[in-house]
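Listing of structure26.tsv, TSV, C-alpha atoms
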```tsv
chain	number	residue	atom	x	y	z
Q	58	MET	CA	-1.51	-3.14	-37.99
Q	59	VAL	CA	-0.86	-1.90	-34.45
Q	60	PHE	CA	-3.40	-2.37	-31.64
Q	61	CYS	CA	-3.29	-0.19	-28.54
Q	62	ILE	CA	-5.16	-1.89	-25.66
Q	63	VAL	CA	-6.15	0.61	-22.96
Q	64	THR	CA	-7.02	-0.89	-19.58
Q	65	GLY	CA	-7.76	2.37	-17.74
Q	66	ASN	CA	-11.19	3.35	-16.45
Q	67	ASN	CA	-11.56	6.72	-18.12
Q	68	LEU	CA	-11.43	7.92	-21.72
Q	69	ASP	CA	-9.44	10.95	-20.56
Q	70	GLU	CA	-6.50	8.61	-19.94
Q	71	MET	CA	-6.20	8.25	-23.71
Q	72	ASP	CA	-4.91	11.78	-24.23
Q	73	SER	CA	-1.25	10.75	-24.53
Q	74	LEU	CA	-1.43	7.44	-26.39
Q	75	PRO	CA	1.24	6.54	-28.96
Q	76	GLU	CA	0.47	6.25	-32.66
Q	77	CYS	CA	-1.53	3.16	-33.61
Q	78	ASP	CA	-4.12	1.85	-36.07
Q	79	LEU	CA	-6.74	0.57	-33.64
Q	80	ILE	CA	-7.53	1.43	-30.00
Q	81	VAL	CA	-9.41	-0.96	-27.71
Q	82	THR	CA	-10.81	0.17	-24.35
Q	83	GLY	CA	-12.39	-1.98	-21.64
Q	84	PHE	CA	-15.77	-1.69	-19.93
Q	85	GLY	CA	-14.53	0.88	-17.44
Q	86	ALA	CA	-13.89	3.63	-20.00
Q	87	LEU	CA	-17.47	4.34	-21.11
Q	88	GLY	CA	-19.28	2.60	-18.27
Q	89	GLU	CA	-23.05	2.47	-18.75
Q	90	VAL	CA	-24.68	4.22	-21.71
Q	91	ASP	CA	-28.41	4.95	-21.75
Q	92	TYR	CA	-29.72	5.19	-25.32
Q	93	GLU	CA	-32.58	7.50	-24.33
Q	94	ARG	CA	-30.27	9.96	-22.61
Q	95	GLU	CA	-27.90	9.81	-25.58
Q	96	LEU	CA	-30.72	10.64	-28.01
Q	97	LYS	CA	-31.89	13.52	-25.81
Q	98	GLY	CA	-28.39	14.96	-25.71
Q	99	GLU	CA	-28.09	14.57	-21.94
Q	100	THR	CA	-24.95	12.45	-22.46
Q	101	GLU	CA	-22.48	12.29	-25.37
Q	102	LYS	CA	-20.55	9.12	-24.68
Q	103	PHE	CA	-20.77	7.66	-28.18
Q	104	GLU	CA	-19.91	11.05	-29.66
Q	105	GLU	CA	-16.89	11.16	-27.39
Q	106	VAL	CA	-15.66	7.83	-28.78
Q	107	ALA	CA	-16.04	9.22	-32.30
Q	108	ARG	CA	-14.13	12.38	-31.34
Q	109	TYR	CA	-11.21	10.37	-29.98
Q	110	SER	CA	-11.11	8.26	-33.13
Q	111	LYS	CA	-10.86	11.49	-35.13
Q	112	LYS	CA	-8.22	12.93	-32.81
Q	113	PHE	CA	-5.97	9.87	-33.17
Q	114	SER	CA	-6.98	9.23	-36.80
Q	115	CYS	CA	-7.64	5.57	-36.09
Q	116	GLY	CA	-10.37	3.08	-35.23
Q	117	ILE	CA	-11.69	2.63	-31.69
Q	118	PHE	CA	-13.49	-0.30	-30.06
Q	119	SER	CA	-14.90	0.75	-26.69
Q	120	ALA	CA	-16.70	-1.77	-24.47
Q	121	CYS	CA	-19.70	-0.60	-22.44
Q	122	LYS	CA	-23.05	-1.58	-21.00
Q	123	THR	CA	-26.00	-0.18	-22.92
Q	124	VAL	CA	-29.47	0.41	-21.50
Q	125	SER	CA	-32.65	0.57	-23.58
Q	126	ARG	CA	-36.04	0.75	-21.85
Q	127	GLY	CA	-34.70	-1.07	-18.83
Q	128	LEU	CA	-32.94	-3.80	-20.84
Q	129	VAL	CA	-29.19	-4.01	-20.25
Q	130	ARG	CA	-26.72	-5.38	-22.78
Q	131	LYS	CA	-22.97	-5.84	-22.84
Q	132	SER	CA	-21.90	-3.96	-25.93
Q	133	CYS	CA	-19.10	-2.33	-27.88
Q	134	ALA	CA	-19.15	1.04	-29.64
Q	135	VAL	CA	-17.07	1.16	-32.83
Q	136	ALA	CA	-15.80	4.36	-34.43
Q	137	ASP	CA	-13.41	5.09	-37.26
Q	138	ARG	CA	-11.65	8.45	-37.74
Q	139	GLY	CA	-14.51	10.56	-36.47
Q	140	LYS	CA	-17.46	8.43	-37.53
Q	141	LEU	CA	-19.48	6.15	-35.27
Q	142	LEU	CA	-19.85	2.90	-37.24
Q	143	GLY	CA	-22.18	1.08	-34.88
Q	144	ILE	CA	-22.77	-0.71	-31.59
Q	145	SER	CA	-22.62	-4.50	-31.30
Q	146	ASP	CA	-23.99	-6.60	-28.42
Q	147	MET	CA	-23.04	-9.85	-26.71
Q	148	THR	CA	-25.08	-12.63	-28.35
Q	149	HIS	CA	-24.98	-15.31	-25.63
Q	150	VAL	CA	-26.55	-14.87	-22.16
Q	151	LEU	CA	-25.87	-17.66	-19.67
Q	152	ASP	CA	-27.82	-19.14	-16.74
Q	153	GLY	CA	-30.36	-16.42	-16.18
Q	154	GLU	CA	-27.97	-13.47	-16.30
Q	155	GLU	CA	-29.62	-10.05	-16.15
Q	156	TYR	CA	-28.45	-9.08	-19.63
Q	157	LYS	CA	-30.34	-9.08	-22.92
Q	158	SER	CA	-28.69	-10.88	-25.81
Q	159	GLY	CA	-27.88	-9.34	-29.16
Q	160	ALA	CA	-28.83	-10.87	-32.49
Q	161	THR	CA	-25.83	-10.65	-34.83
Q	162	LEU	CA	-22.05	-10.91	-34.81
Q	163	GLY	CA	-20.03	-7.71	-35.07
Q	164	LEU	CA	-17.81	-7.36	-38.13
Q	165	TYR	CA	-16.45	-3.94	-39.08
Q	166	LYS	CA	-14.22	-2.40	-41.72
Q	167	VAL	CA	-12.07	-0.08	-39.60
Q	168	ASN	CA	-9.08	1.94	-40.79
Q	169	GLY	CA	-8.78	-0.33	-43.80
Q	170	TYR	CA	-8.92	-3.58	-41.81
Q	171	LYS	CA	-11.73	-6.07	-41.33
Q	172	ILE	CA	-12.13	-6.63	-37.58
Q	173	GLY	CA	-14.44	-9.07	-35.82
Q	174	LEU	CA	-15.94	-8.58	-32.34
Q	175	CYS	CA	-16.34	-11.09	-29.52
Q	176	ILE	CA	-18.00	-9.81	-26.33
Q	177	GLU	CA	-17.85	-11.55	-22.93
Q	178	ASN	CA	-19.78	-14.88	-23.06
Q	179	ASP	CA	-19.39	-15.11	-26.83
Q	180	LEU	CA	-15.79	-16.17	-26.21
Q	181	LEU	CA	-17.07	-19.47	-24.78
Q	182	PHE	CA	-18.62	-20.46	-28.11
Q	183	PRO	CA	-16.10	-21.55	-30.77
Q	184	ASP	CA	-18.51	-20.85	-33.63
Q	185	THR	CA	-18.16	-17.13	-32.86
Q	186	ILE	CA	-14.49	-16.99	-33.81
Q	187	LYS	CA	-14.89	-19.59	-36.55
Q	188	SER	CA	-17.64	-17.56	-38.23
Q	189	LEU	CA	-15.62	-14.34	-38.04
Q	190	SER	CA	-12.61	-16.13	-39.50
Q	191	LEU	CA	-14.70	-17.51	-42.37
Q	192	CYS	CA	-15.85	-13.93	-43.07
Q	193	GLY	CA	-12.22	-13.05	-43.73
Q	194	CYS	CA	-11.51	-10.77	-40.78
Q	195	ASN	CA	-7.88	-9.72	-40.23
Q	196	ALA	CA	-8.15	-9.89	-36.44
Q	197	VAL	CA	-10.68	-10.37	-33.64
Q	198	VAL	CA	-11.19	-7.99	-30.71
Q	199	ALA	CA	-12.45	-9.79	-27.60
Q	200	LEU	CA	-13.81	-7.85	-24.62
Q	201	MET	CA	-14.51	-9.02	-21.06
Q	202	GLU	CA	-15.15	-7.19	-17.78
Q	203	GLU	CA	-12.55	-9.31	-16.01
Q	204	VAL	CA	-10.74	-12.63	-16.16
Q	205	ARG	CA	-11.76	-14.88	-13.25
Q	206	ASP	CA	-9.68	-17.91	-14.25
Q	207	ASN	CA	-7.18	-19.08	-16.87
Q	208	ILE	CA	-9.84	-20.19	-19.37
Q	209	PRO	CA	-10.18	-16.97	-21.49
Q	210	PRO	CA	-6.43	-16.69	-22.26
Q	211	LEU	CA	-6.41	-20.40	-23.08
Q	212	LEU	CA	-9.36	-19.97	-25.44
Q	213	VAL	CA	-7.98	-16.98	-27.36
Q	214	ARG	CA	-4.72	-18.85	-27.82
Q	215	ALA	CA	-6.50	-21.96	-29.11
Q	216	TYR	CA	-8.88	-20.01	-31.37
Q	217	SER	CA	-6.14	-17.97	-33.01
Q	218	TYR	CA	-4.18	-21.15	-33.73
Q	219	LEU	CA	-7.14	-23.25	-34.93
Q	220	TYR	CA	-8.91	-20.61	-37.01
Q	221	GLY	CA	-5.89	-18.68	-38.28
Q	222	VAL	CA	-6.88	-15.24	-36.98
Q	223	PRO	CA	-5.04	-13.12	-34.36
Q	224	VAL	CA	-7.08	-12.31	-31.23
Q	225	VAL	CA	-6.61	-9.37	-28.86
Q	226	LEU	CA	-8.40	-9.54	-25.52
Q	227	CYS	CA	-9.06	-6.63	-23.16
Q	228	ALA	CA	-10.27	-7.91	-19.79
Q	229	GLY	CA	-10.26	-5.67	-16.71
Q	230	ASN	CA	-6.76	-4.32	-16.19
Q	231	THR	CA	-5.10	-6.96	-18.37
Q	232	ALA	CA	-4.45	-7.12	-22.10
Q	233	TYR	CA	-3.73	-10.30	-24.05
Q	234	PHE	CA	-2.62	-10.97	-27.61
Q	235	ALA	CA	-2.58	-14.38	-29.30
Q	236	ASP	CA	-1.23	-14.93	-32.81
Q	237	ILE	CA	-1.82	-17.76	-35.26
Q	238	SER	CA	1.35	-19.58	-34.20
Q	239	GLY	CA	-0.16	-20.25	-30.76
Q	240	ALA	CA	2.01	-17.71	-28.93
Q	241	ILE	CA	0.40	-15.39	-26.37
Q	242	ALA	CA	1.54	-12.12	-24.78
Q	243	THR	CA	0.14	-10.45	-21.65
Q	244	SER	CA	0.37	-6.93	-20.20
Q	245	THR	CA	-0.98	-5.21	-17.09
Q	246	GLN	CA	0.33	-1.76	-18.02
Q	247	ARG	CA	-1.97	1.24	-18.52
Q	248	TYR	CA	-1.83	0.51	-22.23
Q	249	ALA	CA	-0.17	-2.15	-24.35
Q	250	LEU	CA	0.87	-2.11	-28.01
Q	251	PHE	CA	0.51	-5.28	-30.06
Q	252	GLU	CA	1.59	-5.45	-33.70
Q	253	VAL	CA	-0.42	-7.76	-35.93
Q	254	SER	CA	0.70	-8.88	-39.38
Q	255	PRO	CA	-2.43	-9.83	-41.36
Q	256	GLN	CA	-1.88	-13.12	-43.15
Q	257	ASN	CA	-4.03	-15.32	-45.33
Q	258	ARG	CA	-2.73	-18.84	-44.86
Q	259	TYR	CA	-4.91	-21.60	-46.22
Q	260	HIS	CA	-4.55	-25.39	-46.17
Q	261	LEU	CA	-6.25	-27.97	-48.36
Q	262	VAL	CA	-8.29	-30.19	-46.03
Q	263	THR	CA	-10.05	-33.32	-47.31
Q	264	THR	CA	-12.54	-35.50	-45.46
Q	265	ARG	CA	-15.02	-38.31	-46.02
Q	266	ALA	CA	-18.77	-38.03	-45.54
Q	267	LYS	CA	-21.29	-40.85	-45.59
Q	268	GLY	CA	-24.25	-40.34	-47.89
Q	269	ILE	CA	-24.72	-37.85	-50.76
Q	270	SER	CA	-24.84	-40.59	-53.36
Q	271	GLY	CA	-23.15	-39.90	-56.67
Q	272	GLU	CA	-26.19	-41.48	-58.37
Q	273	CYS	CA	-28.47	-38.77	-57.05
Q	274	LYS	CA	-29.84	-36.58	-59.82
Q	275	LEU	CA	-31.65	-33.34	-59.32
Q	276	ASP	CA	-34.21	-32.22	-61.85
Q	277	TYR	CA	-34.72	-28.49	-62.23
```

Write the structure described by the file as structure tokens, please.
Amino acid sequence: MVFCIVTGNNLDEMDSLPECDLIVTGFGALGEVDYERELKGETEKFEEVARYSKKFSCGIFSACKTVSRGLVRKSCAVADRGKLLGISDMTHVLDGEEYKSGATLGLYKVNGYKIGLCIENDLLFPDTIKSLSLCGCNAVVALMEEVRDNIPPLLVRAYSYLYGVPVVLCAGNTAYFADISGAIATSTQRYALFEVSPQNRYHLVTTRAKGISGECKLDY
């Protein structure tokens, strides 16, 4: 499975991308998308994402800001080989930010792979990646507008190691890839290719819990 992370600010920059299975674009590519204008046909940004996924015969994850009746969300449009699969939103809003939170985690079957989504603030909450890993995703796509410190790369590296799922992060003009061994790669090129080998490694973990008496009997 080959990811192509595009850090440019325009979808037109994708015209000459190499062959890959999944394309990820940052917030600059689509910009702001107004649902009402999309429905009226005044803009065709989501349709454009679908067209590019058909052109390259692959899946596309394209970050954007969506507007609905004045409410703004940080989102991601997902398409697969010509079909728009859906739009997922950031689920955690911090300290009075102007954004509206979403309600569910994004998990998509794209180009034969199960891919989880982690948008902006969601990266700060370990249960996001843990839940996606428990759902059996092959990789997680994380999206941020920019990286202001060294915390996001540290987190994706820790999550991929702890939860056994590779994480690709597109943040501003930088792309990151962390694999389950704890290694991390970084690129500031116009696009970066990262190859992911889906693996299902499991370990038997035992623990002790106080309570739940063995003498307890349930009558049905």

- [ ] Extract, using all atoms listed in the file, all DNA, RNA and protein residues at most 12 Å from segment 142-145 of chain Q, discarding same-chain residues fewer than 6 positions from it, and format them as JSON, numbers by chain.
- [x] {"Q": [90, 92, 103, 104, 106, 107, 110, 116, 117, 118, 119, 120, 121, 122, 123, 130, 131, 132, 133, 134, 135, 136, 158, 159, 160, 161, 162, 163, 164, 165, 166, 167, 168, 173, 174, 175, 176, 177, 179, 198, 200]}

Task: Separation of atom CA of Leu68 of chain Q from atom CA of Glu252 of chain Q in Å - done: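 Computed distance, atom CA of Glu252 of chain Q to atom CA of Leu68 of chain Q, equals 22.2 Å.
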
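Take atom CA of Ser238 of chain Q and atom CA of Ser217 of chain Q: the distance between them is 7.8 Å.
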
Task: Residues near segment 240-243 of chain Q, cut-off 10 Å, all atoms listed in the file, skip fewer than 3 positions along chain, as an MDAnalysis selection string - done: chainID Q and resid 210:211 213:215 217:218 223:226 231:237 246 249 251

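Using all atoms listed in the file, the nearest neighbour of Val81 of chain Q within the list Q:Leu261, Q:Cys192, Q:Leu219, Q:Leu250 is Q:Leu250.
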
Open item on the list: Can you pull out the residues contacting Val129 of chain Q? Cut-off 6 Å, using all atoms listed in the file, and skip same-chain residues under 4 positions away; I want them as a ChimeraX atom specification.
Closed with: /Q:123-124,156-157

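Counting all atoms listed in the file, the residue from Q:Pro209, Q:Phe182, Q:Arg108, Q:Tyr170 that sits nearest to Val150 of chain Q is Q:Phe182.
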
Using all atoms listed in the file, which protein or nucleic acid residues come within 8 Å of Gly229 of chain Q? Drop anything in the same chain fewer than 3 positions from it, and give the result as a short mmCIF file (atom, residue, chain, number, x, y, z; two decimals) with C-alpha atoms, in the coordinates of the input.
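This went into around_39.cif:
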```
data_model
loop_
_atom_site.label_atom_id
_atom_site.label_comp_id
_atom_site.auth_asym_id
_atom_site.auth_seq_id
_atom_site.Cartn_x
_atom_site.Cartn_y
_atom_site.Cartn_z
CA THR Q 64 -7.02 -0.89 -19.58
CA GLY Q 83 -12.39 -1.98 -21.64
CA PHE Q 84 -15.77 -1.69 -19.93
CA GLY Q 85 -14.53 0.88 -17.44
CA MET Q 201 -14.51 -9.02 -21.06
CA GLU Q 202 -15.15 -7.19 -17.78
CA GLU Q 203 -12.55 -9.31 -16.01
CA VAL Q 204 -10.74 -12.63 -16.16
#
```

Open item on the list: Using Å and a single decimal, report how far atom CA of Leu191 of chain Q sits from atom CA of Val63 of chain Q.
Closed with: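 Taking atom CA of Val63 of chain Q and atom CA of Leu191 of chain Q, their separation equals 27.9 Å.
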
Task: Pick from Q:Glu89, Q:Asp146, Q:Glu99, Q:Glu76 nearest to Cys115 of chain Q, counting all atoms listed in the file - done: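 Ranked by minimum distance to Cys115 of chain Q, first place goes to Q:Glu76.
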
Open item on the list: Using all atoms listed in the file for the distances, tell me which of Q:Asn67, Q:Thr185, Q:Asn178, Q:Thr245 is nearest to Glu105 of chain Q.
Closed with: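 Of Q:Asn67, Q:Thr185, Q:Asn178, Q:Thr245, the one nearest Glu105 of chain Q is Q:Asn67, counting all atoms listed in the file.
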
Open item on the list: Here is a test: counting only C-alpha atoms, which residue of Q:Val222, Q:Cys61, Q:Val262, Q:Ala228 is nearest to Asp206 of chain Q?
Closed with: Q:Ala228
